[in-house]
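Below is one structure, written out as structure tokens; comments come after it.
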Amino acid sequence: MNMRPAEETCVDAEALALDALDDAERAAALAHLDACDDCRARYAAAREVAALLARSVPQAVPPPGLGTRVLAQALAAPAPAGRSAPARIAWSWLAAAAVLVAVLGWNVTLQAQLRAQAEQTEDLATRLTTQEAALRLLAPGSGVARPLVGSDVAPRAQGALYLDPQGTTGLLVVRDLPAPPPGKVYQLWLIHDGQRASGGLFTVDERGVAVLVVQAPQPLRTYQAVGVTAEPPGGSPGPTGPRVIGGQL
Amino acid sequence: MNQARRQDEELAARLAARDALALTELYQRHSRAVYSLALRMLGDREAADELVQDVFLRVWHHPERYLADRGRFVTWLLSVAHHRAVDLLRRRRVQRPTADGDVAELSADSVAPDDAVADAEERRAVRDALATLPEGQRRSLELAYFEGLTQSEIAARLGEPLGTIKTRIRLGMLKLREQLRGLVREYEAG
Ligand SMILES: [Zn+2]
């Protein structure tokens with residue numbers, strides 16, 4: 001039976017909504033809410049007032065690349081225990097790239113179809129969402145996706161670079177890339193008239209997946225191609241190893 | 001239920017299916033509110049940046065923690081952000097007890113130029129309502145909400161009995177709610 005405690009034993013619902021309780025008081029208050037309809041209603045109302053306080057502060061614009069970093073971390077982070085699906089997320093990117101590539105005439109259409117059959121439960125719209133997410137954050141309306149393909153060194157590797165041609169921020173996503181040799185990291189190169197500028201360092205997780213927010217020194221339309229090589233930790237001024245994956249911009 | 005709220009709830013439901021586009025849309029709808037609150041509380045951009053990332057990643061990894069029947073998504077999101085900012089402020093006070101409350105002033109360039117008129121009016125209404133509270137109530141609410149002090153810490157800071165602070169906070173919140181009835185009801189109704 002849900003006997004409501006007397007008023008004295010009820011909690012500071014307003015203080016709870018303001019986060020003005022210490023940890024022990026907060027834990028006790030939250031436990032009480034489960035048993036007391038009255039306090040739960042007061043807490044819900046106080047939370048709406050707290051949200052108004054939150055929204056009353058001077059408004060500031062988040063820095064431009066922040067959304068891309070959030071997305072990159074969301075895609076790169078393994079799902080917490082008990083949840084499925086990090087691989088499926090990585091796959092969405094590649095499927096999206098493969099679709100684009102098929103349109104561009106790169107001959108992985110068959111491969112894409114085989115994979116698509118293996119993932120029948122996932123419709124095309126779902127698979128395209130990750131690409132759309134990246135492009136929307138980078139450059140609503142003007143973002144583009146460029147497919148990347150593994151070299152002889154990493155023939156199974158696939159990837160995409162999502163970029164705003166006018167901007168300097170891009171998002172690199174690769175899959176099925178072998179780990180770099182011991183003591184090395186991967187370095188992305190942005191290639192302009194044979195000159196190579198570093199686009200950042202990364203490594204891959206156990207799935208062969210990497211997600212990198214690319215910060216280019218020049219607007220990305222400056223570059224004609226990208227490539228990835230294994231380099232010493234900290235990177236090199238120029239590539240010293242063979243290309244493992246790359247593509248045209 | 002209004003359209004913005006329904007859209008938020010649909011987007012939140014899509015997070016459970018690992019839909020990155022839903023995360024992006026929620027980010028685009030609410031990152032400014034989260035960032036602005038974090039900047040106001042923490043006083044520096046780098047910390048506000050980190051908090052925004054932290055909050056949206058929590059949302060991504062634990063969308064099930066939002067219970068649509070307990071209120072609006074944005075209310076929940078801001079409460080997650082606020083709680084996290086309070087944690088950071090309390091940790092800072094332990095590490096640097098002398099730096100108590102020295103939140104930097106925002107520079108003019110951080111203010112959003114394309115602030116929606118309706119939002120600006122809502123902000124003015126909330127500030128006006130705060131300004132009508134007795135000084136002790138307003139000060140206690142602000143120390144609690146924006147500086148992350150507990151009721152006991154506020155009592156110590158102001159040299160008042162704890163019971164007085166508790167009363168001020170409860171009455172202040174009830175008065176705010178009464179004065180902002182229109183806004184709160186709009187949200188409760190959806
Ligand atoms: Zn109660």
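For the structure tokens, the naming scheme is as follows: chains receive sequential letters (A, B, ...) according to their order of presentation, residues are indexed from 1 within each chain, and ligands are indexed from 1 in presentation order.
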
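Within 6 Å of chain A, counting only C-alpha atoms, chain B contributes B:Ala20, B:Leu21, B:Thr24, B:Arg32, B:Ser36, B:Leu37, B:Gln53, B:Thr75, B:Ser110, B:Val111, B:Ala112, B:Arg123, B:Ala144, B:Tyr145, B:Thr150, B:Gln151, B:Arg170.
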
Those residues with N, CA and C atoms, as a PDB file, in the first residue's frame please?
```pdb
ATOM      1  N   ALA B  20      22.465   7.962 -35.947  1.00  0.00           N
ATOM      2  CA  ALA B  20      23.372   9.100 -35.788  1.00  0.00           C
ATOM      3  C   ALA B  20      22.747  10.408 -36.275  1.00  0.00           C
ATOM      4  N   LEU B  21      21.832  10.293 -37.209  1.00  0.00           N
ATOM      5  CA  LEU B  21      21.181  11.509 -37.692  1.00  0.00           C
ATOM      6  C   LEU B  21      20.286  12.113 -36.608  1.00  0.00           C
ATOM      7  N   THR B  24      22.459  14.020 -34.355  1.00  0.00           N
ATOM      8  CA  THR B  24      22.840  15.273 -34.998  1.00  0.00           C
ATOM      9  C   THR B  24      21.722  16.314 -34.908  1.00  0.00           C
ATOM     10  N   ARG B  32      23.064  24.769 -28.374  1.00  0.00           N
ATOM     11  CA  ARG B  32      23.291  26.142 -27.934  1.00  0.00           C
ATOM     12  C   ARG B  32      22.823  26.344 -26.491  1.00  0.00           C
ATOM     13  N   SER B  36      25.408  27.326 -23.651  1.00  0.00           N
ATOM     14  CA  SER B  36      25.230  28.606 -22.965  1.00  0.00           C
ATOM     15  C   SER B  36      25.143  28.414 -21.450  1.00  0.00           C
ATOM     16  N   LEU B  37      24.407  27.386 -21.034  1.00  0.00           N
ATOM     17  CA  LEU B  37      24.309  27.106 -19.597  1.00  0.00           C
ATOM     18  C   LEU B  37      25.685  26.738 -19.039  1.00  0.00           C
ATOM     19  N   GLN B  53      30.132  17.976 -25.181  1.00  0.00           N
ATOM     20  CA  GLN B  53      30.467  16.659 -25.732  1.00  0.00           C
ATOM     21  C   GLN B  53      30.033  15.557 -24.784  1.00  0.00           C
ATOM     22  N   THR B  75      14.024  19.536 -21.045  1.00  0.00           N
ATOM     23  CA  THR B  75      14.119  19.709 -19.592  1.00  0.00           C
ATOM     24  C   THR B  75      15.081  18.680 -19.011  1.00  0.00           C
ATOM     25  N   SER B 110      30.613  36.330 -27.585  1.00  0.00           N
ATOM     26  CA  SER B 110      30.049  35.003 -27.388  1.00  0.00           C
ATOM     27  C   SER B 110      28.525  35.020 -27.488  1.00  0.00           C
ATOM     28  N   VAL B 111      27.942  36.208 -27.532  1.00  0.00           N
ATOM     29  CA  VAL B 111      26.484  36.279 -27.537  1.00  0.00           C
ATOM     30  C   VAL B 111      25.959  35.975 -28.933  1.00  0.00           C
ATOM     31  N   ALA B 112      24.983  35.083 -28.980  1.00  0.00           N
ATOM     32  CA  ALA B 112      24.452  34.663 -30.271  1.00  0.00           C
ATOM     33  C   ALA B 112      23.757  35.819 -30.967  1.00  0.00           C
ATOM     34  N   ARG B 123      13.468  34.653 -22.037  1.00  0.00           N
ATOM     35  CA  ARG B 123      14.579  34.964 -21.134  1.00  0.00           C
ATOM     36  C   ARG B 123      14.291  36.203 -20.310  1.00  0.00           C
ATOM     37  N   ALA B 144      22.546  28.549  -5.625  1.00  0.00           N
ATOM     38  CA  ALA B 144      22.288  27.116  -5.796  1.00  0.00           C
ATOM     39  C   ALA B 144      22.401  26.739  -7.270  1.00  0.00           C
ATOM     40  N   TYR B 145      21.645  27.415  -8.112  1.00  0.00           N
ATOM     41  CA  TYR B 145      21.533  26.923  -9.486  1.00  0.00           C
ATOM     42  C   TYR B 145      22.754  27.241 -10.334  1.00  0.00           C
ATOM     43  N   THR B 150      25.472  23.751  -2.358  1.00  0.00           N
ATOM     44  CA  THR B 150      24.395  23.042  -1.661  1.00  0.00           C
ATOM     45  C   THR B 150      23.717  24.022  -0.710  1.00  0.00           C
ATOM     46  N   GLN B 151      22.561  23.618  -0.206  1.00  0.00           N
ATOM     47  CA  GLN B 151      21.849  24.496   0.741  1.00  0.00           C
ATOM     48  C   GLN B 151      22.731  24.783   1.959  1.00  0.00           C
ATOM     49  N   ARG B 170      12.668  27.067  -1.315  1.00  0.00           N
ATOM     50  CA  ARG B 170      11.357  26.510  -1.656  1.00  0.00           C
ATOM     51  C   ARG B 170      10.387  27.615  -2.061  1.00  0.00           C
TER      52      ARG B 170
END
```

Enumerate residues in contact with ligand 1: an atom-to-atom distance of at most 6 Å, counting only C-alpha atoms and all ligand atoms. Format the result as an mmCIF file with N, CA, C and O atoms, in the first residue's frame.
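The result, written out as part-v3.cif:
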```cif
data_model
loop_
_atom_site.group_PDB
_atom_site.id
_atom_site.type_symbol
_atom_site.label_atom_id
_atom_site.label_comp_id
_atom_site.auth_asym_id
_atom_site.auth_seq_id
_atom_site.Cartn_x
_atom_site.Cartn_y
_atom_site.Cartn_z
ATOM 1 N N CYS A 10 8.911 14.415 3.883
ATOM 2 C CA CYS A 10 9.047 14.580 2.452
ATOM 3 C C CYS A 10 10.316 15.360 2.121
ATOM 4 O O CYS A 10 10.947 15.925 3.005
ATOM 5 N N VAL A 11 10.681 15.371 0.845
ATOM 6 C CA VAL A 11 11.996 15.886 0.480
ATOM 7 C C VAL A 11 11.922 17.322 -0.037
ATOM 8 O O VAL A 11 10.851 17.823 -0.351
ATOM 9 N N CYS A 36 6.618 8.457 -3.434
ATOM 10 C CA CYS A 36 5.748 9.568 -3.049
ATOM 11 C C CYS A 36 5.270 10.347 -4.278
ATOM 12 O O CYS A 36 6.042 11.087 -4.888
ATOM 13 N N ASP A 38 3.305 12.819 -4.422
ATOM 14 C CA ASP A 38 3.272 14.240 -4.148
ATOM 15 C C ASP A 38 4.624 14.893 -4.456
ATOM 16 O O ASP A 38 4.705 15.896 -5.173
ATOM 17 N N CYS A 39 5.681 14.306 -3.955
ATOM 18 C CA CYS A 39 7.013 14.861 -4.166
ATOM 19 C C CYS A 39 7.412 14.739 -5.638
ATOM 20 O O CYS A 39 8.091 15.605 -6.176
#
```

>> Quick one: residues within 10 Å of Leu42 of chain B, only C-alpha atoms, excluding same-chain residues fewer than 2 positions away - as a ChimeraX atom specification?
In response: /B:36-40,44-48,51,85-86,88-89,92,101-104,146-148

>> I want to know what sits within 12 Å of segment 63-65 of chain B, based on only C-alpha atoms, with residues of the same chain fewer than 4 positions away left out; could you give that as a PyMOL selection string?
In response: (chain A and resi 80+83) or (chain B and resi 9-19+22-23+26+55-59+69-70+73+76-77+80)

Write a file of the selected residues as an mmCIF file, in the first residue's frame, keeping N, CA, C and O atoms.
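File out.cif, as written:
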```cif
data_model
loop_
_atom_site.group_PDB
_atom_site.id
_atom_site.type_symbol
_atom_site.label_atom_id
_atom_site.label_comp_id
_atom_site.auth_asym_id
_atom_site.auth_seq_id
_atom_site.Cartn_x
_atom_site.Cartn_y
_atom_site.Cartn_z
ATOM 1 N N PRO A 80 28.234 0.603 -24.945
ATOM 2 C CA PRO A 80 28.360 0.077 -23.585
ATOM 3 C C PRO A 80 27.893 -1.370 -23.537
ATOM 4 O O PRO A 80 27.117 -1.804 -24.392
ATOM 5 N N ARG A 83 24.571 -3.468 -24.974
ATOM 6 C CA ARG A 83 23.937 -2.862 -26.144
ATOM 7 C C ARG A 83 24.588 -3.450 -27.379
ATOM 8 O O ARG A 83 25.768 -3.717 -27.398
ATOM 9 N N GLU B 9 10.832 14.105 -28.923
ATOM 10 C CA GLU B 9 10.585 12.756 -28.408
ATOM 11 C C GLU B 9 10.795 11.698 -29.481
ATOM 12 O O GLU B 9 11.307 10.617 -29.206
ATOM 13 N N GLU B 10 10.418 12.047 -30.716
ATOM 14 C CA GLU B 10 10.663 11.105 -31.811
ATOM 15 C C GLU B 10 12.167 10.913 -32.034
ATOM 16 O O GLU B 10 12.646 9.796 -32.226
ATOM 17 N N LEU B 11 12.895 12.028 -31.986
ATOM 18 C CA LEU B 11 14.347 11.941 -32.170
ATOM 19 C C LEU B 11 14.982 11.131 -31.043
ATOM 20 O O LEU B 11 15.845 10.280 -31.275
ATOM 21 N N ALA B 12 14.529 11.375 -29.818
ATOM 22 C CA ALA B 12 15.089 10.643 -28.668
ATOM 23 C C ALA B 12 14.815 9.148 -28.815
ATOM 24 O O ALA B 12 15.682 8.322 -28.513
ATOM 25 N N ALA B 13 13.637 8.794 -29.314
ATOM 26 C CA ALA B 13 13.311 7.379 -29.488
ATOM 27 C C ALA B 13 14.221 6.742 -30.548
ATOM 28 O O ALA B 13 14.607 5.581 -30.431
ATOM 29 N N ARG B 14 14.581 7.523 -31.562
ATOM 30 C CA ARG B 14 15.442 6.985 -32.625
ATOM 31 C C ARG B 14 16.871 6.731 -32.145
ATOM 32 O O ARG B 14 17.617 5.949 -32.755
ATOM 33 N N LEU B 15 17.278 7.404 -31.067
ATOM 34 C CA LEU B 15 18.635 7.179 -30.555
ATOM 35 C C LEU B 15 18.841 5.726 -30.150
ATOM 36 O O LEU B 15 19.932 5.185 -30.294
ATOM 37 N N ALA B 16 17.805 5.116 -29.626
ATOM 38 C CA ALA B 16 17.933 3.735 -29.174
ATOM 39 C C ALA B 16 18.289 2.811 -30.325
ATOM 40 O O ALA B 16 18.899 1.764 -30.126
ATOM 41 N N ALA B 17 17.935 3.198 -31.548
ATOM 42 C CA ALA B 17 18.282 2.398 -32.726
ATOM 43 C C ALA B 17 19.628 2.835 -33.309
ATOM 44 O O ALA B 17 19.943 2.514 -34.448
ATOM 45 N N ARG B 18 20.416 3.548 -32.507
ATOM 46 C CA ARG B 18 21.765 3.995 -32.911
ATOM 47 C C ARG B 18 21.688 4.834 -34.190
ATOM 48 O O ARG B 18 22.495 4.655 -35.106
ATOM 49 N N ASP B 19 20.759 5.745 -34.223
ATOM 50 C CA ASP B 19 20.556 6.585 -35.392
ATOM 51 C C ASP B 19 21.363 7.887 -35.224
ATOM 52 O O ASP B 19 20.982 8.768 -34.450
ATOM 53 N N ALA B 22 19.640 11.252 -35.831
ATOM 54 C CA ALA B 22 18.811 11.752 -34.722
ATOM 55 C C ALA B 22 19.682 12.495 -33.711
ATOM 56 O O ALA B 22 19.302 13.557 -33.200
ATOM 57 N N LEU B 23 20.867 11.940 -33.440
ATOM 58 C CA LEU B 23 21.788 12.619 -32.516
ATOM 59 C C LEU B 23 22.170 13.989 -33.069
ATOM 60 O O LEU B 23 22.193 14.987 -32.343
ATOM 61 N N LEU B 26 19.251 16.416 -32.694
ATOM 62 C CA LEU B 26 19.104 16.872 -31.309
ATOM 63 C C LEU B 26 20.229 17.838 -30.951
ATOM 64 O O LEU B 26 20.014 18.822 -30.246
ATOM 65 N N VAL B 55 27.737 15.598 -22.437
ATOM 66 C CA VAL B 55 26.282 15.465 -22.309
ATOM 67 C C VAL B 55 25.686 14.752 -23.525
ATOM 68 O O VAL B 55 24.886 13.823 -23.376
ATOM 69 N N PHE B 56 26.103 15.143 -24.725
ATOM 70 C CA PHE B 56 25.510 14.505 -25.904
ATOM 71 C C PHE B 56 25.975 13.054 -26.057
ATOM 72 O O PHE B 56 25.222 12.215 -26.562
ATOM 73 N N LEU B 57 27.184 12.750 -25.592
ATOM 74 C CA LEU B 57 27.614 11.351 -25.640
ATOM 75 C C LEU B 57 26.844 10.505 -24.628
ATOM 76 O O LEU B 57 26.527 9.344 -24.882
ATOM 77 N N ARG B 58 26.534 11.098 -23.468
ATOM 78 C CA ARG B 58 25.696 10.376 -22.510
ATOM 79 C C ARG B 58 24.330 10.081 -23.097
ATOM 80 O O ARG B 58 23.767 9.007 -22.914
ATOM 81 N N VAL B 59 23.786 11.087 -23.777
ATOM 82 C CA VAL B 59 22.482 10.914 -24.419
ATOM 83 C C VAL B 59 22.556 9.786 -25.458
ATOM 84 O O VAL B 59 21.669 8.948 -25.565
ATOM 85 N N ASP B 69 7.420 10.202 -20.147
ATOM 86 C CA ASP B 69 6.247 10.495 -19.314
ATOM 87 C C ASP B 69 6.609 11.341 -18.094
ATOM 88 O O ASP B 69 5.752 11.728 -17.318
ATOM 89 N N ARG B 70 7.887 11.621 -17.892
ATOM 90 C CA ARG B 70 8.284 12.459 -16.753
ATOM 91 C C ARG B 70 8.557 13.903 -17.162
ATOM 92 O O ARG B 70 8.976 14.708 -16.347
ATOM 93 N N PHE B 73 11.902 16.453 -23.234
ATOM 94 C CA PHE B 73 13.279 16.029 -23.476
ATOM 95 C C PHE B 73 14.266 17.136 -23.115
ATOM 96 O O PHE B 73 15.278 16.898 -22.466
ATOM 97 N N TRP B 76 14.931 17.459 -19.475
ATOM 98 C CA TRP B 76 15.815 16.384 -19.017
ATOM 99 C C TRP B 76 17.261 16.651 -19.447
ATOM 100 O O TRP B 76 18.197 16.545 -18.658
ATOM 101 N N LEU B 77 17.425 17.043 -20.707
ATOM 102 C CA LEU B 77 18.773 17.290 -21.230
ATOM 103 C C LEU B 77 19.475 18.391 -20.422
ATOM 104 O O LEU B 77 20.635 18.258 -20.041
ATOM 105 N N VAL B 80 20.513 17.112 -17.079
ATOM 106 C CA VAL B 80 21.742 16.312 -17.168
ATOM 107 C C VAL B 80 22.959 17.245 -17.250
ATOM 108 O O VAL B 80 23.954 17.071 -16.551
#
```

Gln215 of chain A environment, 9 Å, only C-alpha atoms, sequence neighbours closer than 6 positions dropped, as an mmCIF file with N, CA and C atoms, in the first residue's frame:
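Output (around-v2.cif):
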```
data_model
loop_
_atom_site.group_PDB
_atom_site.id
_atom_site.type_symbol
_atom_site.label_atom_id
_atom_site.label_comp_id
_atom_site.auth_asym_id
_atom_site.auth_seq_id
_atom_site.Cartn_x
_atom_site.Cartn_y
_atom_site.Cartn_z
ATOM 1 N N THR A 168 37.581 23.782 -43.509
ATOM 2 C CA THR A 168 38.833 23.092 -43.209
ATOM 3 C C THR A 168 38.604 21.859 -42.341
ATOM 4 N N THR A 169 37.329 21.581 -42.022
ATOM 5 C CA THR A 169 37.036 20.426 -41.173
ATOM 6 C C THR A 169 36.406 19.311 -42.000
ATOM 7 N N GLY A 170 36.878 18.101 -41.779
ATOM 8 C CA GLY A 170 36.294 16.942 -42.433
ATOM 9 C C GLY A 170 36.176 15.810 -41.436
ATOM 10 N N LEU A 171 35.518 14.747 -41.860
ATOM 11 C CA LEU A 171 35.390 13.581 -40.991
ATOM 12 C C LEU A 171 35.830 12.358 -41.790
ATOM 13 N N SER A 198 49.842 17.262 -43.360
ATOM 14 C CA SER A 198 49.237 16.303 -42.436
ATOM 15 C C SER A 198 47.792 16.691 -42.140
ATOM 16 N N GLY A 199 46.925 15.685 -42.182
ATOM 17 C CA GLY A 199 45.515 15.908 -41.832
ATOM 18 C C GLY A 199 45.176 15.310 -40.482
ATOM 19 N N GLY A 200 46.181 14.758 -39.790
ATOM 20 C CA GLY A 200 45.932 14.204 -38.460
ATOM 21 C C GLY A 200 46.435 12.777 -38.319
#
```
